[in-house]
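Working notes, beginning with the structure itself.
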Amino acid sequence: MKQIQMTNTPSFSLISTKKIIQMNDVSTSYDSKNFALDHINLSIDRGTNYAIVGQSGSGKSTLLKLMNGMMIPSNGTIKIDYMTPNMNEKKFKKMMHTIGYIPQNLGLVKNLTVLENVIIGCLPRLSKIQSMFKKFPENEVSEAKKIIKQVGLSGKEDRKAYMLSGGEKRRVAIARALMQKPKILLADEIVSELDHVTAREIMDLIADAQKRINLTAIMVHHDMQLALEYANRVAVIKEGNKVLEIGVEGDKIVDFQTGNMTTEEIMEMYSDDTKK
Ligand SMILES: Nc1ncnc2c1ncn2[C@@H]1O[C@H](COP(=O)(O)OP(=O)(O)O)[C@@H](O)[C@H]1O
Ligand SMILES: [Mg+2]
């Protein structure tokens, strides 16, 4: 493996574009006793490829659920594209439709075809009548076909989701999210169960989409090596705390958090995760 040196830099962001996610001292819990996330501070620039890495149960999925408004913090503040998540507010609900969320189980309807699964992504844009009767306008059907081609599934439009391979299912889930015309893509361990080659194909697909549209991708990963390879920033979560925020610059890992861990501890964590 390539030798990577550690350096510390000040904790300000080097990219000065608009912030799309801001979390300030956020804590949240599922029960009254334990915090699933504890005093998280996090700031993500628009267009970033952001990775969240950590052991099982550390709070990664909970963090994504806060970012799509499925969960509300018990303490602290969160802004998603400068809006406080509030499902009772029309403006927030509208913005929510531009967050493509891919859960760990992908959320595909297995008895529907590739095209039918993908076109679901445009439902929020349709009128109530159109969406009730699933009456998809011609322009949306051609948009879905265009996106299916972009994700490399041309010719498989009519195949049922349950017949697809693991990699193909992930392509459908990405296509459905892209059909939403998303500003933010949240993906929970989308490549964790894939072999290395297929995982990279899926990561390249997301990187390609990021080049085409101004998309912020926030992805939970199991593999630190893969995260560092693709992401501008990697947040490391441990027991509900963000212990580190790192990125690769040239041949160095830069610690943007100037955190509470020593270089040795960071490197230990890095090598541990690459073994998985
Ligand atoms: N629905 C839930 N009810 C109660 N506790 C939960 C629930 N979901 C997650 N937790 C707890 O919150 C913590 C963080 O979980 P999670 O965010 O799913 O971790 P990760 O995605 O990193 O594996 C864990 O201790 C987990 O047991
Ligand atoms: Mg999880």
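Simple scheme: letters A, B, ... for chains in structure tokens order, numbers from 1 for residues in each chain, numbers from 1 for ligands in the order shown.
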- Task: Might you pull out every residue within 7 Å of segment 190-203 of chain A, with only C-alpha atoms counted and same-chain residues fewer than 2 positions away left off, and present them as a PyMOL selection string?
- Result: chain A and resi 104+167+170+187-188+205-207+221-222
- Message: Residues within 10 Å of Glu168 of chain A, please, as number ranges by chain. Count only C-alpha atoms; anything in the same chain fewer than 5 positions from it doesn't count.
- Response: A: 114, 151-153, 156, 161, 163, 173-174, 198, 202
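Counting from atom CA of Glu89 of chain A, the distance to atom CA of Leu66 of chain A is 16.3 Å.
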- Task: Set the cut-off to 12 Å, count only C-alpha atoms and all ligand atoms, and list whatever residues fall near ligand 2 as a ChimeraX atom specification.
- Result: /A:36,52-65,102-105,187-190,192,219-222,237
Please produce an output containing C-alpha atoms for each residue in the selection, written as a short mmCIF file (atom, residue, chain, number, x, y, z; two decimals), in the first residue's frame.
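And here is the file that came out, again.cif:
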data_model
loop_
_atom_site.label_atom_id
_atom_site.label_comp_id
_atom_site.auth_asym_id
_atom_site.auth_seq_id
_atom_site.Cartn_x
_atom_site.Cartn_y
_atom_site.Cartn_z
CA ALA A 36 -26.80 7.50 19.17
CA ILE A 52 -18.75 8.63 6.58
CA VAL A 53 -16.80 5.68 7.96
CA GLY A 54 -17.06 3.87 11.26
CA GLN A 55 -17.68 0.54 12.91
CA SER A 56 -21.09 -1.07 13.07
CA GLY A 57 -23.35 0.72 15.57
CA SER A 58 -21.22 3.90 15.60
CA GLY A 59 -24.08 6.08 14.31
CA LYS A 60 -23.48 6.36 10.54
CA SER A 61 -27.03 5.53 9.42
CA THR A 62 -28.43 7.81 12.11
CA LEU A 63 -26.31 10.64 10.70
CA LEU A 64 -27.78 10.09 7.22
CA LYS A 65 -31.31 10.03 8.67
CA ILE A 102 -30.62 5.16 -0.94
CA PRO A 103 -31.12 3.02 2.17
CA GLN A 104 -28.89 0.06 2.90
CA ASN A 105 -31.50 -2.38 1.52
CA ALA A 187 -26.22 6.40 0.14
CA ASP A 188 -25.97 3.99 3.07
CA GLU A 189 -23.29 1.34 2.50
CA ILE A 190 -24.26 1.03 -1.16
CA SER A 192 -20.34 -2.71 1.12
CA MET A 219 -21.95 8.10 1.40
CA VAL A 220 -21.56 5.74 4.30
CA HIS A 221 -18.75 3.24 3.73
CA HIS A 222 -17.24 0.29 5.49
CA ILE A 237 -17.47 8.18 13.53
#
- Do a neighbour search on Arg46 of chain A at 7 Å with only C-alpha atoms, toss out local chain neighbours closer than 3 positions, and write the hits as a list in words.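 Listing them by chain and then by number gives Thr17, Lys18, Lys19, Ile20 and Thr216 of chain A.
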Take the residues from that selection and put them in a file with N, CA and C atoms, as a short mmCIF file (atom, residue, chain, number, x, y, z; two decimals), in the first residue's frame.
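What landed in out.cif:
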data_model
loop_
_atom_site.label_atom_id
_atom_site.label_comp_id
_atom_site.auth_asym_id
_atom_site.auth_seq_id
_atom_site.Cartn_x
_atom_site.Cartn_y
_atom_site.Cartn_z
N THR A 17 -16.97 27.05 -1.19
CA THR A 17 -18.31 27.12 -1.80
C THR A 17 -19.36 27.10 -0.70
N LYS A 18 -20.62 27.26 -1.13
CA LYS A 18 -21.72 27.30 -0.18
C LYS A 18 -21.86 26.00 0.61
N LYS A 19 -22.23 26.12 1.85
CA LYS A 19 -22.44 24.94 2.68
C LYS A 19 -23.81 24.34 2.35
N ILE A 20 -23.87 23.03 2.16
CA ILE A 20 -25.18 22.42 1.90
C ILE A 20 -25.70 21.70 3.14
N THR A 216 -24.09 16.87 -4.46
CA THR A 216 -23.30 16.58 -3.26
C THR A 216 -23.58 15.13 -2.89
#
- Message: For Arg233 of chain A, find every residue with an atom within 12 Å (counting only C-alpha atoms), except residues of its own chain fewer than 5 positions away, and show them as a VMD selection string.
- Response: chain A and resid 13 to 15 42 to 45 47 to 53 216 to 220 224 226 to 228 244 to 249 253 to 257
Residues of the last selection are to be written out with N, CA and C atoms, as a tab-separated table (two decimals), in the first residue's frame.
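Once written, selection-v3.tsv looks like this:
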chain	number	residue	atom	x	y	z
A	13	SER	N	-12.41	25.15	6.39
A	13	SER	CA	-12.54	24.45	5.12
A	13	SER	C	-11.68	25.12	4.06
A	14	LEU	N	-11.04	24.31	3.23
A	14	LEU	CA	-10.21	24.87	2.17
A	14	LEU	C	-11.03	25.19	0.93
A	15	ILE	N	-12.23	24.58	0.82
A	15	ILE	CA	-13.09	24.85	-0.32
A	15	ILE	C	-14.13	25.87	0.18
A	42	LEU	N	-20.46	19.39	11.99
A	42	LEU	CA	-20.12	18.93	10.65
A	42	LEU	C	-20.59	19.96	9.62
A	43	SER	N	-19.79	20.15	8.62
A	43	SER	CA	-20.12	21.15	7.61
A	43	SER	C	-19.68	20.60	6.25
A	44	ILE	N	-20.63	20.54	5.32
A	44	ILE	CA	-20.33	19.94	4.01
A	44	ILE	C	-20.57	20.96	2.90
A	45	ASP	N	-19.56	21.15	2.08
A	45	ASP	CA	-19.67	22.08	0.95
A	45	ASP	C	-20.44	21.46	-0.21
A	47	GLY	N	-21.36	20.11	-3.69
A	47	GLY	CA	-20.55	19.47	-4.73
A	47	GLY	C	-19.51	18.48	-4.20
A	48	THR	N	-19.40	18.41	-2.87
A	48	THR	CA	-18.40	17.53	-2.27
A	48	THR	C	-18.79	16.05	-2.41
A	49	ASN	N	-17.80	15.20	-2.48
A	49	ASN	CA	-18.02	13.77	-2.29
A	49	ASN	C	-17.56	13.48	-0.86
A	50	TYR	N	-18.51	13.26	0.02
A	50	TYR	CA	-18.24	13.18	1.46
A	50	TYR	C	-18.49	11.74	1.92
A	51	ALA	N	-17.56	11.21	2.67
A	51	ALA	CA	-17.72	9.83	3.14
A	51	ALA	C	-17.84	9.80	4.66
A	52	ILE	N	-18.63	8.86	5.14
A	52	ILE	CA	-18.75	8.63	6.58
A	52	ILE	C	-18.34	7.18	6.83
A	53	VAL	N	-17.34	7.02	7.69
A	53	VAL	CA	-16.80	5.68	7.96
A	53	VAL	C	-16.84	5.43	9.46
A	216	THR	N	-24.09	16.87	-4.46
A	216	THR	CA	-23.30	16.58	-3.26
A	216	THR	C	-23.58	15.13	-2.89
A	217	ALA	N	-22.55	14.30	-2.87
A	217	ALA	CA	-22.75	12.89	-2.53
A	217	ALA	C	-22.23	12.64	-1.12
A	218	ILE	N	-23.10	12.09	-0.29
A	218	ILE	CA	-22.70	11.77	1.09
A	218	ILE	C	-22.94	10.28	1.28
A	219	MET	N	-21.84	9.56	1.44
A	219	MET	CA	-21.95	8.10	1.40
A	219	MET	C	-21.32	7.45	2.63
A	220	VAL	N	-22.08	6.53	3.19
A	220	VAL	CA	-21.56	5.74	4.30
A	220	VAL	C	-20.79	4.55	3.72
A	224	MET	N	-12.32	2.03	4.48
A	224	MET	CA	-11.63	3.32	4.56
A	224	MET	C	-10.82	3.61	3.30
A	226	LEU	N	-11.39	2.70	0.19
A	226	LEU	CA	-12.31	3.12	-0.88
A	226	LEU	C	-12.80	4.55	-0.61
A	227	ALA	N	-13.11	4.82	0.65
A	227	ALA	CA	-13.60	6.15	1.02
A	227	ALA	C	-12.55	7.21	0.70
A	228	LEU	N	-11.30	6.94	1.08
A	228	LEU	CA	-10.23	7.92	0.84
A	228	LEU	C	-9.94	8.09	-0.65
A	244	LEU	N	-12.73	12.32	13.77
A	244	LEU	CA	-11.73	12.70	12.77
A	244	LEU	C	-12.41	13.16	11.49
A	245	GLU	N	-11.78	14.10	10.80
A	245	GLU	CA	-12.25	14.43	9.45
A	245	GLU	C	-11.01	14.59	8.58
A	246	ILE	N	-10.83	13.63	7.67
A	246	ILE	CA	-9.59	13.58	6.91
A	246	ILE	C	-9.84	13.61	5.40
A	247	GLY	N	-8.78	13.89	4.67
A	247	GLY	CA	-8.86	13.86	3.21
A	247	GLY	C	-7.46	13.63	2.66
A	248	VAL	N	-7.39	13.14	1.43
A	248	VAL	CA	-6.08	12.92	0.81
A	248	VAL	C	-5.73	14.15	-0.02
A	249	GLU	N	-4.53	14.69	0.22
A	249	GLU	CA	-4.02	15.78	-0.62
A	249	GLU	C	-2.66	15.34	-1.11
A	253	ILE	N	-2.36	12.23	4.01
A	253	ILE	CA	-3.69	12.33	4.62
A	253	ILE	C	-3.65	13.60	5.46
A	254	VAL	N	-4.61	14.48	5.21
A	254	VAL	CA	-4.66	15.73	5.98
A	254	VAL	C	-5.78	15.62	7.00
A	255	ASP	N	-5.48	15.98	8.23
A	255	ASP	CA	-6.48	15.97	9.30
A	255	ASP	C	-7.10	17.37	9.38
A	256	PHE	N	-8.33	17.50	8.92
A	256	PHE	CA	-9.00	18.80	8.90
A	256	PHE	C	-9.59	19.18	10.25
A	257	GLN	N	-9.61	18.21	11.12
A	257	GLN	CA	-10.26	18.47	12.41
A	257	GLN	C	-9.25	18.83	13.50
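Computed from the coordinates, the atom CA of Lys252 of chain A to atom CA of Ala235 of chain A distance equals 16.2 Å.
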- Could you give me, as a list in words, the residues within 10 Å of Gln150 of chain A, counting only C-alpha atoms and dropping anything in the same chain fewer than 2 positions from it? Ala144, Lys145, Lys146, Ile147, Ile148, Gly152, Leu153, Ser154, Arg171, Ala175, Leu205, Asp208 and Ala209 of chain A
- Query: Looking at only C-alpha atoms, which of A:Lys134, A:Lys93, A:Glu157, A:Ser142 is the one that sits closest to Leu115 of chain A?
  - Reply: A:Glu157
- Message: What's around Ile78 of chain A at 10 Å? Count only C-alpha atoms, leave out sequence neighbours fewer than 6 positions away in its own chain, and write the answer as number ranges by chain.
- Response: A: 21-26, 41-43, 66-67, 69, 72, 84-85
- Message: From the options A:Ser27, A:Lys242, A:Phe35, A:Lys110, which residue's atoms come nearest to ligand 1, counting only C-alpha atoms and all ligand atoms?
- Response: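 Smallest separation from ligand 1 among the options: A:Phe35.
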- Query: Any idea what the distance is between atom CA of His97 of chain A and atom CA of Pro182 of chain A?
  - Reply: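 Those two atoms sit 7.5 Å apart.
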- Query: Between A:Asn139, A:Thr28, A:Thr98, A:Asn34, which is the closest to Thr77 of chain A once you count only C-alpha atoms?
  - Reply: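 With only C-alpha atoms as the atom set, the closest residue is A:Thr28.
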- Message: I need the alpha helix (DSSP H) residues of segment 14-225 of chain A per DSSP on the backbone, written as a PyMOL selection string.
- Response: chain A and resi 60-67+90-96+114-119+128-132+138-150+166-179+196-212+224-225
- Task: Check segment 196-271 of chain A with DSSP on the backbone and list each residue it calls strand (DSSP E or B), as a PyMOL selection string.
- Result: chain A and resi 216-221+233-238+241-249+252-255
Next, dump the selected residues to file, keeping only N, CA and C atoms, as a PDB file, in the first residue's frame.
ATOM      1  N   THR A 216     -24.093  16.868  -4.459  1.00  0.00           N
ATOM      2  CA  THR A 216     -23.304  16.582  -3.259  1.00  0.00           C
ATOM      3  C   THR A 216     -23.583  15.127  -2.886  1.00  0.00           C
ATOM      4  N   ALA A 217     -22.546  14.303  -2.867  1.00  0.00           N
ATOM      5  CA  ALA A 217     -22.754  12.888  -2.531  1.00  0.00           C
ATOM      6  C   ALA A 217     -22.235  12.639  -1.123  1.00  0.00           C
ATOM      7  N   ILE A 218     -23.099  12.090  -0.286  1.00  0.00           N
ATOM      8  CA  ILE A 218     -22.699  11.773   1.091  1.00  0.00           C
ATOM      9  C   ILE A 218     -22.937  10.279   1.276  1.00  0.00           C
ATOM     10  N   MET A 219     -21.842   9.564   1.436  1.00  0.00           N
ATOM     11  CA  MET A 219     -21.946   8.100   1.401  1.00  0.00           C
ATOM     12  C   MET A 219     -21.325   7.447   2.626  1.00  0.00           C
ATOM     13  N   VAL A 220     -22.080   6.526   3.188  1.00  0.00           N
ATOM     14  CA  VAL A 220     -21.555   5.738   4.304  1.00  0.00           C
ATOM     15  C   VAL A 220     -20.790   4.549   3.720  1.00  0.00           C
ATOM     16  N   HIS A 221     -19.569   4.346   4.226  1.00  0.00           N
ATOM     17  CA  HIS A 221     -18.745   3.241   3.730  1.00  0.00           C
ATOM     18  C   HIS A 221     -18.229   2.388   4.877  1.00  0.00           C
ATOM     19  N   ARG A 233     -13.632  14.410   1.493  1.00  0.00           N
ATOM     20  CA  ARG A 233     -13.534  14.394   2.953  1.00  0.00           C
ATOM     21  C   ARG A 233     -14.071  13.083   3.502  1.00  0.00           C
ATOM     22  N   VAL A 234     -13.439  12.603   4.561  1.00  0.00           N
ATOM     23  CA  VAL A 234     -13.922  11.395   5.223  1.00  0.00           C
ATOM     24  C   VAL A 234     -14.105  11.705   6.705  1.00  0.00           C
ATOM     25  N   ALA A 235     -15.347  11.551   7.177  1.00  0.00           N
ATOM     26  CA  ALA A 235     -15.594  11.713   8.612  1.00  0.00           C
ATOM     27  C   ALA A 235     -15.546  10.333   9.243  1.00  0.00           C
ATOM     28  N   VAL A 236     -14.785  10.217  10.311  1.00  0.00           N
ATOM     29  CA  VAL A 236     -14.715   8.937  11.025  1.00  0.00           C
ATOM     30  C   VAL A 236     -15.559   9.058  12.291  1.00  0.00           C
ATOM     31  N   ILE A 237     -16.544   8.157  12.395  1.00  0.00           N
ATOM     32  CA  ILE A 237     -17.472   8.184  13.532  1.00  0.00           C
ATOM     33  C   ILE A 237     -17.117   7.037  14.465  1.00  0.00           C
ATOM     34  N   LYS A 238     -17.024   7.353  15.748  1.00  0.00           N
ATOM     35  CA  LYS A 238     -16.743   6.308  16.740  1.00  0.00           C
ATOM     36  C   LYS A 238     -17.682   6.538  17.927  1.00  0.00           C
ATOM     37  N   ASN A 241     -19.523   9.786  18.125  1.00  0.00           N
ATOM     38  CA  ASN A 241     -18.740  11.023  18.022  1.00  0.00           C
ATOM     39  C   ASN A 241     -17.992  11.070  16.703  1.00  0.00           C
ATOM     40  N   LYS A 242     -17.859  12.278  16.156  1.00  0.00           N
ATOM     41  CA  LYS A 242     -16.990  12.405  14.988  1.00  0.00           C
ATOM     42  C   LYS A 242     -15.581  12.600  15.531  1.00  0.00           C
ATOM     43  N   VAL A 243     -14.729  11.594  15.362  1.00  0.00           N
ATOM     44  CA  VAL A 243     -13.406  11.666  15.977  1.00  0.00           C
ATOM     45  C   VAL A 243     -12.372  12.236  15.032  1.00  0.00           C
ATOM     46  N   LEU A 244     -12.725  12.320  13.767  1.00  0.00           N
ATOM     47  CA  LEU A 244     -11.733  12.695  12.767  1.00  0.00           C
ATOM     48  C   LEU A 244     -12.408  13.158  11.492  1.00  0.00           C
ATOM     49  N   GLU A 245     -11.779  14.101  10.800  1.00  0.00           N
ATOM     50  CA  GLU A 245     -12.247  14.433   9.450  1.00  0.00           C
ATOM     51  C   GLU A 245     -11.012  14.588   8.581  1.00  0.00           C
ATOM     52  N   ILE A 246     -10.835  13.626   7.674  1.00  0.00           N
ATOM     53  CA  ILE A 246      -9.590  13.582   6.908  1.00  0.00           C
ATOM     54  C   ILE A 246      -9.838  13.608   5.404  1.00  0.00           C
ATOM     55  N   GLY A 247      -8.782  13.895   4.670  1.00  0.00           N
ATOM     56  CA  GLY A 247      -8.856  13.858   3.210  1.00  0.00           C
ATOM     57  C   GLY A 247      -7.461  13.634   2.657  1.00  0.00           C
ATOM     58  N   VAL A 248      -7.393  13.137   1.427  1.00  0.00           N
ATOM     59  CA  VAL A 248      -6.085  12.925   0.810  1.00  0.00           C
ATOM     60  C   VAL A 248      -5.725  14.148  -0.017  1.00  0.00           C
ATOM     61  N   GLU A 249      -4.534  14.691   0.216  1.00  0.00           N
ATOM     62  CA  GLU A 249      -4.019  15.779  -0.617  1.00  0.00           C
ATOM     63  C   GLU A 249      -2.655  15.336  -1.112  1.00  0.00           C
ATOM     64  N   LYS A 252      -0.555  12.728   0.918  1.00  0.00           N
ATOM     65  CA  LYS A 252      -0.696  12.890   2.377  1.00  0.00           C
ATOM     66  C   LYS A 252      -2.154  12.755   2.798  1.00  0.00           C
ATOM     67  N   ILE A 253      -2.359  12.231   4.012  1.00  0.00           N
ATOM     68  CA  ILE A 253      -3.687  12.329   4.615  1.00  0.00           C
ATOM     69  C   ILE A 253      -3.654  13.596   5.463  1.00  0.00           C
ATOM     70  N   VAL A 254      -4.605  14.484   5.211  1.00  0.00           N
ATOM     71  CA  VAL A 254      -4.661  15.727   5.976  1.00  0.00           C
ATOM     72  C   VAL A 254      -5.780  15.617   7.002  1.00  0.00           C
ATOM     73  N   ASP A 255      -5.478  15.977   8.233  1.00  0.00           N
ATOM     74  CA  ASP A 255      -6.479  15.974   9.302  1.00  0.00           C
ATOM     75  C   ASP A 255      -7.099  17.366   9.378  1.00  0.00           C
TER      76      ASP A 255
END
- Compare A:Leu164, A:Ile120, A:Met95, A:Ile40 by their minimum atom-to-atom distance to Glu140 of chain A, counting only C-alpha atoms, and give me the closest one.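 Checking each candidate against Glu140 of chain A, we get A:Ile120 as the closest.
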- Taking into account only C-alpha atoms and all ligand atoms, which residue in the set A:Gly100, A:Glu239, A:Ile213, A:Asp251 is nearest to ligand 1?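 Going through A:Gly100, A:Glu239, A:Ile213, A:Asp251 one by one, the smallest distance to ligand 1 is for A:Glu239.
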- Task: Within 10 Å of Asn111 of chain A, counting only C-alpha atoms, which residues show up once you throw out same-chain ones fewer than 4 positions away? Write them as a ChimeraX atom specification, please.
- Result: /A:116-117,159-163
Let me see the file: selected residues, N, CA and C atoms, as a PDB file, in the first residue's frame.
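The resulting part-v3.pdb:
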ATOM      1  N   GLU A 116     -39.878   0.920 -14.275  1.00  0.00           N
ATOM      2  CA  GLU A 116     -40.903   1.292 -13.280  1.00  0.00           C
ATOM      3  C   GLU A 116     -40.257   1.743 -11.970  1.00  0.00           C
ATOM      4  N   ASN A 117     -39.188   1.057 -11.560  1.00  0.00           N
ATOM      5  CA  ASN A 117     -38.492   1.464 -10.333  1.00  0.00           C
ATOM      6  C   ASN A 117     -37.864   2.840 -10.485  1.00  0.00           C
ATOM      7  N   ARG A 159     -36.710  -5.592 -17.394  1.00  0.00           N
ATOM      8  CA  ARG A 159     -36.370  -6.702 -16.502  1.00  0.00           C
ATOM      9  C   ARG A 159     -36.858  -6.401 -15.082  1.00  0.00           C
ATOM     10  N   LYS A 160     -37.408  -7.405 -14.419  1.00  0.00           N
ATOM     11  CA  LYS A 160     -37.882  -7.231 -13.042  1.00  0.00           C
ATOM     12  C   LYS A 160     -36.675  -7.065 -12.098  1.00  0.00           C
ATOM     13  N   ALA A 161     -36.847  -6.238 -11.077  1.00  0.00           N
ATOM     14  CA  ALA A 161     -35.729  -5.920 -10.181  1.00  0.00           C
ATOM     15  C   ALA A 161     -35.139  -7.163  -9.517  1.00  0.00           C
ATOM     16  N   TYR A 162     -36.011  -8.133  -9.192  1.00  0.00           N
ATOM     17  CA  TYR A 162     -35.486  -9.305  -8.470  1.00  0.00           C
ATOM     18  C   TYR A 162     -34.563 -10.169  -9.331  1.00  0.00           C
ATOM     19  N   MET A 163     -34.603  -9.949 -10.641  1.00  0.00           N
ATOM     20  CA  MET A 163     -33.765 -10.764 -11.538  1.00  0.00           C
ATOM     21  C   MET A 163     -32.353 -10.194 -11.685  1.00  0.00           C
TER      22      MET A 163
END
